[in-house]
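One file, target-v7.txt, is given below (compact mmCIF, C-alpha atoms).
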```
# COMPACT_ATOMS: atom_id res chain seq x y z
CA MET A 14 12.67 3.21 0.17
CA GLU A 15 11.67 -0.31 1.20
CA LEU A 16 8.98 1.23 3.41
CA LYS A 17 7.22 2.20 0.18
CA ILE A 18 6.45 -1.49 -0.36
CA PHE A 19 5.10 -1.66 3.20
CA ILE A 20 2.53 1.05 2.56
CA THR A 21 1.40 -0.50 -0.71
CA VAL A 22 0.85 -3.88 0.95
CA PHE A 23 -1.06 -2.28 3.83
CA LEU A 24 -3.44 -0.40 1.59
CA VAL A 25 -4.10 -3.38 -0.61
CA CYS A 26 -4.76 -5.71 2.30
CA GLY A 27 -6.63 -3.21 4.46
CA THR A 28 -9.19 -2.35 1.80
CA SER A 29 -9.29 -5.38 -0.46
CA MET A 30 -12.81 -6.39 0.55
CA LEU A 31 -14.29 -3.07 -0.56
CA ILE A 32 -16.02 -1.90 -3.70
CA SER A 33 -14.75 -2.08 -7.27
CA CYS A 34 -14.60 -3.77 -10.57
CA GLU A 35 -12.34 -3.55 -13.59
CA ALA A 36 -13.04 -0.35 -15.53
CA ARG A 37 -14.26 -1.22 -19.01
CA SER A 38 -14.19 1.58 -21.55
CA ALA A 39 -17.38 0.36 -23.24
CA ASP A 40 -19.36 0.59 -19.98
CA LEU A 41 -18.18 3.89 -18.47
CA THR A 42 -20.74 6.17 -20.05
CA ASN A 43 -22.95 6.81 -17.04
CA GLU A 44 -21.24 9.22 -14.65
CA ALA A 45 -24.39 10.08 -12.68
CA VAL A 46 -24.90 9.37 -9.02
CA ILE A 47 -26.77 6.27 -7.92
CA HIS A 48 -30.35 6.03 -9.16
CA PRO A 49 -33.13 6.39 -6.54
CA GLU A 50 -34.68 3.07 -7.54
CA LEU A 51 -31.37 1.30 -6.92
CA MET A 52 -31.07 2.96 -3.52
CA LYS A 53 -34.54 1.66 -2.73
CA GLU A 54 -33.54 -1.82 -3.89
CA VAL A 55 -30.47 -1.82 -1.65
CA GLY A 56 -32.46 -0.40 1.26
CA LEU A 57 -29.55 1.22 3.13
CA LYS A 58 -29.17 4.73 4.45
CA ASP A 59 -25.72 6.30 4.69
CA TRP A 60 -25.29 5.52 8.39
CA MET A 61 -26.29 1.91 7.77
CA PHE A 62 -23.80 1.66 4.89
CA GLU A 63 -21.05 3.11 7.09
CA ARG A 64 -21.80 0.62 9.85
CA LEU A 65 -21.81 -2.23 7.33
CA ILE A 66 -18.37 -1.22 5.98
CA LYS A 67 -16.91 -0.92 9.48
CA LYS A 68 -18.24 -4.32 10.51
CA ALA A 69 -16.91 -5.84 7.27
CA LEU A 70 -13.47 -4.37 7.95
CA GLU A 71 -13.48 -5.84 11.45
CA ALA A 72 -14.55 -9.22 10.06
CA PHE A 73 -11.90 -9.02 7.36
CA LYS A 74 -9.22 -8.70 10.02
CA ARG A 75 -10.15 -12.19 11.21
CA LEU A 76 -10.34 -13.60 7.68
CA MET A 77 -6.88 -12.27 6.85
CA LYS A 78 -5.39 -14.82 9.24
CA LYS A 79 -7.18 -17.87 7.83
CA GLY A 80 -8.36 -16.88 4.34
CA ASP A 81 -11.57 -17.91 2.61
CA ALA A 82 -11.34 -19.60 -0.79
CA SER A 83 -15.08 -19.21 -1.41
CA LYS A 84 -14.67 -15.41 -1.27
CA ASN A 85 -11.39 -15.34 -3.18
CA ILE A 86 -9.51 -14.20 -0.05
CA PRO A 87 -6.11 -15.85 0.53
CA VAL A 88 -4.26 -15.88 3.85
CA LEU A 89 -2.88 -12.34 4.17
CA ASP A 90 -1.39 -12.40 7.65
CA PRO A 91 1.26 -13.67 7.51
CA LEU A 92 1.80 -12.64 3.90
CA TYR A 93 4.53 -14.35 1.91
CA THR A 94 6.12 -12.49 -1.01
CA ALA A 95 8.55 -14.31 -3.28
CA ALA A 96 10.16 -11.15 -4.67
CA ASP A 97 9.82 -7.36 -4.45
CA THR A 98 11.74 -4.44 -5.88
CA ALA A 99 11.92 -0.94 -4.41
CA TYR A 100 13.43 1.83 -6.49
CA TYR A 101 14.07 5.50 -5.77
CA ASN A 102 15.64 8.19 -7.95
CA SER A 103 15.94 11.79 -6.80
CA ASN A 104 14.35 14.44 -8.98
CA ASP A 105 17.74 15.78 -10.04
CA GLY A 106 19.12 12.32 -10.83
CA VAL A 107 21.93 12.65 -8.30
CA PHE A 108 20.90 9.84 -5.97
CA GLU A 109 19.67 6.41 -7.02
CA PHE A 110 18.62 3.52 -4.77
CA LYS A 111 17.47 0.00 -5.63
CA MET A 112 16.62 -2.86 -3.33
CA GLU A 113 15.53 -6.36 -4.30
CA SER A 114 13.98 -8.42 -1.53
CA LYS A 115 13.13 -12.12 -1.66
CA ASN A 116 11.26 -14.69 0.44
CA VAL A 117 9.73 -11.99 2.60
CA THR A 118 7.19 -12.77 5.33
CA THR A 119 5.06 -9.86 6.50
CA THR A 120 3.16 -10.09 9.80
CA GLY A 121 0.76 -7.75 11.57
CA LEU A 122 -1.31 -6.71 8.54
CA SER A 123 -4.52 -7.73 10.30
CA GLU A 124 -3.71 -5.66 13.39
CA PHE A 125 -5.26 -2.42 12.21
CA VAL A 126 -7.70 -0.11 13.96
CA VAL A 127 -10.73 1.31 12.16
CA ASN A 128 -10.74 4.89 13.44
CA HIS A 129 -13.55 6.25 11.30
CA VAL A 130 -15.73 5.42 8.29
CA SER A 131 -17.89 7.85 6.34
CA ALA A 132 -19.84 6.91 3.23
CA SER A 133 -22.56 8.12 0.87
CA MET A 134 -24.87 5.73 -0.94
CA PHE A 135 -26.11 8.55 -3.18
CA SER A 136 -22.68 9.54 -4.56
CA LEU A 137 -21.00 6.14 -4.02
CA LYS A 138 -18.14 7.58 -1.99
CA ALA A 139 -16.38 6.21 1.08
CA ASP A 140 -13.64 7.57 3.32
CA LEU A 141 -11.70 5.30 5.67
CA ASP A 142 -9.35 6.24 8.49
CA LEU A 143 -7.18 3.26 9.49
CA THR A 144 -4.17 2.83 11.76
CA PHE A 145 -1.83 -0.15 11.47
CA THR A 146 -0.22 -0.60 14.86
CA ASN A 147 2.83 -2.68 14.00
CA ILE A 148 3.98 -4.36 10.78
CA ASN A 149 7.09 -6.49 10.47
CA ARG A 150 8.86 -7.83 7.38
CA LYS A 151 11.61 -10.43 7.37
CA GLY A 152 13.45 -11.96 4.45
CA THR A 153 16.57 -11.44 2.35
CA TYR A 154 17.69 -8.45 0.32
CA LYS A 155 20.22 -7.11 -2.13
CA ALA A 156 20.65 -3.34 -2.29
CA LYS A 157 22.76 -0.66 -3.90
CA ALA A 158 22.79 3.13 -3.66
CA SER A 159 24.82 5.39 -5.91
CA LEU A 160 25.55 9.02 -6.75
CA PHE A 161 25.53 10.18 -10.36
CA GLN A 162 24.83 6.54 -11.38
CA ASP A 163 28.46 5.43 -11.02
CA VAL A 164 29.66 6.33 -7.50
CA ASP A 165 28.57 3.64 -5.03
CA VAL A 166 27.43 5.06 -1.69
CA PHE A 167 26.59 1.77 -0.06
CA TYR A 168 25.64 -1.79 -0.89
CA GLY A 169 24.42 -4.85 0.94
CA ASP A 170 23.40 -8.47 0.57
CA GLY A 171 21.88 -10.47 3.43
CA SER A 172 18.88 -10.75 5.72
CA LEU A 173 16.43 -7.92 6.37
CA ASP A 174 14.23 -7.11 9.34
CA GLU A 175 11.95 -4.10 9.02
CA SER A 176 9.04 -2.73 10.99
CA VAL A 177 6.57 0.14 10.87
CA SER A 178 4.58 1.34 13.86
CA ASN A 179 1.44 3.48 13.93
CA LEU A 180 0.96 3.84 10.20
CA ASN A 181 -2.11 6.04 9.66
CA ILE A 182 -3.92 5.80 6.34
CA LEU A 183 -6.74 8.02 5.05
CA LEU A 184 -8.34 6.37 2.03
CA HIS A 185 -10.88 8.05 -0.25
CA LEU A 186 -12.86 5.83 -2.63
CA HIS A 187 -15.21 7.10 -5.33
CA PHE A 188 -17.19 4.68 -7.47
CA GLY A 189 -19.44 4.85 -10.49
CA LEU A 190 -22.11 2.73 -12.12
CA SER A 191 -22.01 1.54 -15.71
CA LEU A 192 -25.15 1.46 -17.84
CA ASN A 193 -25.72 -2.15 -16.80
CA LYS A 194 -25.36 -1.15 -13.12
CA ILE A 195 -21.90 -2.66 -12.65
CA LEU A 196 -19.66 -0.87 -10.15
CA TYR A 197 -16.31 0.55 -11.22
CA VAL A 198 -13.65 2.68 -9.54
CA LYS A 199 -13.66 6.33 -10.56
CA GLU A 200 -11.12 7.66 -8.09
CA VAL A 201 -8.78 6.48 -5.34
CA GLY A 202 -7.02 8.94 -3.04
CA VAL A 203 -4.55 8.02 -0.31
CA LYS A 204 -2.96 10.05 2.45
CA PHE A 205 -0.65 8.44 4.98
CA ASN A 206 1.67 9.20 7.85
CA VAL A 207 4.33 6.91 9.35
CA GLN A 208 5.01 7.57 13.02
CA GLN A 209 7.94 5.21 13.49
CA GLY A 210 9.94 2.69 11.50
CA SER A 211 13.04 0.56 11.96
CA VAL A 212 15.34 -1.10 9.45
CA ASN A 213 18.05 -3.69 10.02
CA LEU A 214 19.96 -4.87 6.95
CA ASP A 215 22.45 -7.57 7.81
CA GLY A 216 25.50 -7.53 5.54
CA LEU A 217 25.24 -3.82 4.79
CA LEU A 218 28.74 -2.68 3.74
CA ASN A 219 29.96 -6.11 4.88
CA ASN A 220 28.72 -5.43 8.44
CA SER A 221 31.42 -2.81 8.88
CA LYS A 222 31.20 -0.01 11.41
CA LEU A 223 30.04 2.28 8.62
CA GLY A 224 27.39 -0.28 7.68
CA LYS A 225 26.02 -0.21 11.22
CA THR A 226 25.96 3.58 11.10
CA VAL A 227 24.01 3.53 7.82
CA ASN A 228 21.57 1.04 9.36
CA LYS A 229 20.95 3.45 12.22
CA ILE A 230 20.44 6.35 9.82
CA LEU A 231 17.90 4.30 7.84
CA SER A 232 16.01 3.38 11.00
CA ASP A 233 16.05 6.87 12.49
CA GLY A 234 15.19 8.66 9.26
CA GLY A 235 13.12 6.10 7.36
CA ALA A 236 9.70 7.32 8.53
CA ASN A 237 10.62 10.94 7.87
CA PHE A 238 11.87 10.01 4.40
CA VAL A 239 8.62 8.28 3.49
CA ASN A 240 6.49 11.15 4.83
CA LYS A 241 8.47 13.75 2.89
CA ASN A 242 8.11 11.77 -0.35
CA ARG A 243 4.34 11.22 -0.15
CA GLU A 244 3.61 12.95 -3.43
CA ARG A 245 5.98 10.65 -5.33
CA ILE A 246 4.84 7.47 -3.57
CA GLN A 247 1.06 7.99 -3.50
CA PRO A 248 0.33 7.62 -7.26
CA HIS A 249 1.94 4.17 -7.24
CA ILE A 250 -0.06 3.18 -4.18
CA ASN A 251 -3.31 4.49 -5.67
CA GLU A 252 -2.82 2.40 -8.80
CA ALA A 253 -1.88 -0.71 -6.82
CA VAL A 254 -4.99 -0.45 -4.64
CA LYS A 255 -7.27 0.24 -7.61
CA THR A 256 -5.92 -2.68 -9.61
CA ARG A 257 -5.89 -5.22 -6.78
CA VAL A 258 -9.39 -4.60 -5.42
CA SER A 259 -10.77 -4.47 -8.96
CA HIS A 260 -9.96 -8.14 -9.41
CA LEU A 261 -11.45 -9.12 -6.07
CA ILE A 262 -15.04 -8.06 -6.77
CA ASP A 263 -14.99 -7.95 -10.55
CA GLY A 264 -18.35 -7.32 -12.21
CA MET A 265 -20.45 -6.85 -9.06
CA THR A 266 -23.60 -4.77 -8.82
CA LEU A 267 -24.25 -2.69 -5.72
CA PRO A 268 -26.74 -5.19 -4.23
CA GLU A 269 -24.21 -7.97 -4.82
CA LEU A 270 -21.56 -5.91 -3.06
CA ILE A 271 -23.82 -5.43 -0.06
CA GLN A 272 -24.42 -9.17 0.04
CA PHE A 273 -20.68 -9.78 -0.16
CA LEU A 274 -19.98 -7.45 2.79
CA GLU A 275 -22.73 -9.12 4.80
CA ALA A 276 -21.21 -12.52 3.99
CA LEU A 277 -17.86 -11.31 5.31
CA ILE A 278 -19.47 -10.27 8.57
CA ASN A 279 -21.21 -13.62 8.96
CA ALA A 280 -18.22 -15.75 7.94
```
What would you get if you wrote out this structure as structure tokens?
Amino acid sequence: MELKIFITVFLVCGTSMLISCEARSADLTNEAVIHPELMKEVGLKDWMFERLIKKALEAFKRLMKKGDASKNIPVLDPLYTAADTAYYNSNDGVFEFKMESKNVTTTGLSEFVVNHVSASMFSLKADLDLTFTNINRKGTYKAKASLFQDVDVFYGDGSLDESVSNLNILLHLHFGLSLNKILYVKEVGVKFNVQQGSVNLDGLLNNSKLGKTVNKILSDGGANFVNKNRERIQPHINEAVKTRVSHLIDGMTLPELIQFLEALINA
């Protein structure tokens, strides 16, 4: 449900300093691994590349709070979102849920822990294990849930206060090189697990007793709901991450990427 938006935001912000460029059909003819002469030019072994990525992630946590216009990095913690829409439809079409949220402020995106980084310069692959300790979103919402498209189950219109604790994300990134040595994203894979979440929707069912009960059900079962629907959520997250980070380092070569990561560390 709305937690789906949480996960998308986390992935985008947690990895947005990493490798990629917009995939251009005219350039994607070289699917080989990195050329030895380019590895020599970069001058990094796998363990050095892994350490560089981890240090850049740690540095990015600091930059998220203040931004850096010279590196095309806006302030990401707190993150202000003018409008979002979360939509869910059960496979059988019985249950439908839609929530529109506005003027949402998200805090805690920079409070993540880098558990592990593994990377290969030869195959241009990287795997990240991150844990976001606590994320909070506050704003306004308008929601409606229905059965068979015409039987309203619940509705609400008011303020929202949501949080996610101990969100673990495993991110797999695989990159390629075009004929002119420009990096592009070949594959993005995401696995995640939400340990705990809470939802408070003011105005749900006009703040009736039933509305409070539904709020409790959403809070108690929200994390479990997201975890059980990973397969439906992950493709949307993969595409969001791929698209967003593509624009951040558009057209970079591998040496330029290394320089960019080093600049993050020294910022």
Practice prompt. Excluding Leu65 of chain A and residues on its chain fewer than 4 positions from it, collect all residues at most 9 Å away from it, counting only C-alpha atoms, and give them as a ChimeraX atom specification.
Written response: /A:60-61,69-70,271,274-275,278
Worksheet item: Between A:Phe167, A:Tyr93, A:Phe161, A:Phe135, which is the closest to Phe108 of chain A once you count all atoms listed in the file?
Response: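 Nearest to Phe108 of chain A: A:Phe161.
Considering only C-alpha atoms, the residue among A:Val166, A:Met112, A:Leu141, A:Val126 positioned nearest to Leu223 of chain A is A:Val166.
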Fill in: Shortest interatomic distance to Thr144 of chain A - which of A:Ile86, A:Ile182, A:Ala253, A:Leu57, counting all atoms listed in the file
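Comparing A:Ile86, A:Ile182, A:Ala253, A:Leu57 against Thr144 of chain A, the winner is A:Ile182.
Shortest atom-to-atom contact with Asn228 of chain A among A:Phe110, A:Tyr168, A:Tyr101, A:Phe62: A:Tyr168, counting only C-alpha atoms.
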Worksheet item: Mind pulling up the distance from atom CA of Glu124 of chain A to atom CA of Leu76 of chain A?
Response: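 Answer for the atom CA of Leu76 of chain A to atom CA of Glu124 of chain A separation: 11.8 Å.
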Item to complete: Considering all atoms listed in the file, state which residue in the set A:Asp140, A:Glu200, A:Asp163, A:Asp81 is at the smallest distance from Gly106 of chain A.
Response: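 Smallest distance to Gly106 of chain A is found for A:Asp163.
The interatomic distance for the pair atom CA of Asp59 of chain A and atom CA of Gln247 of chain A works out to 28.1 Å.
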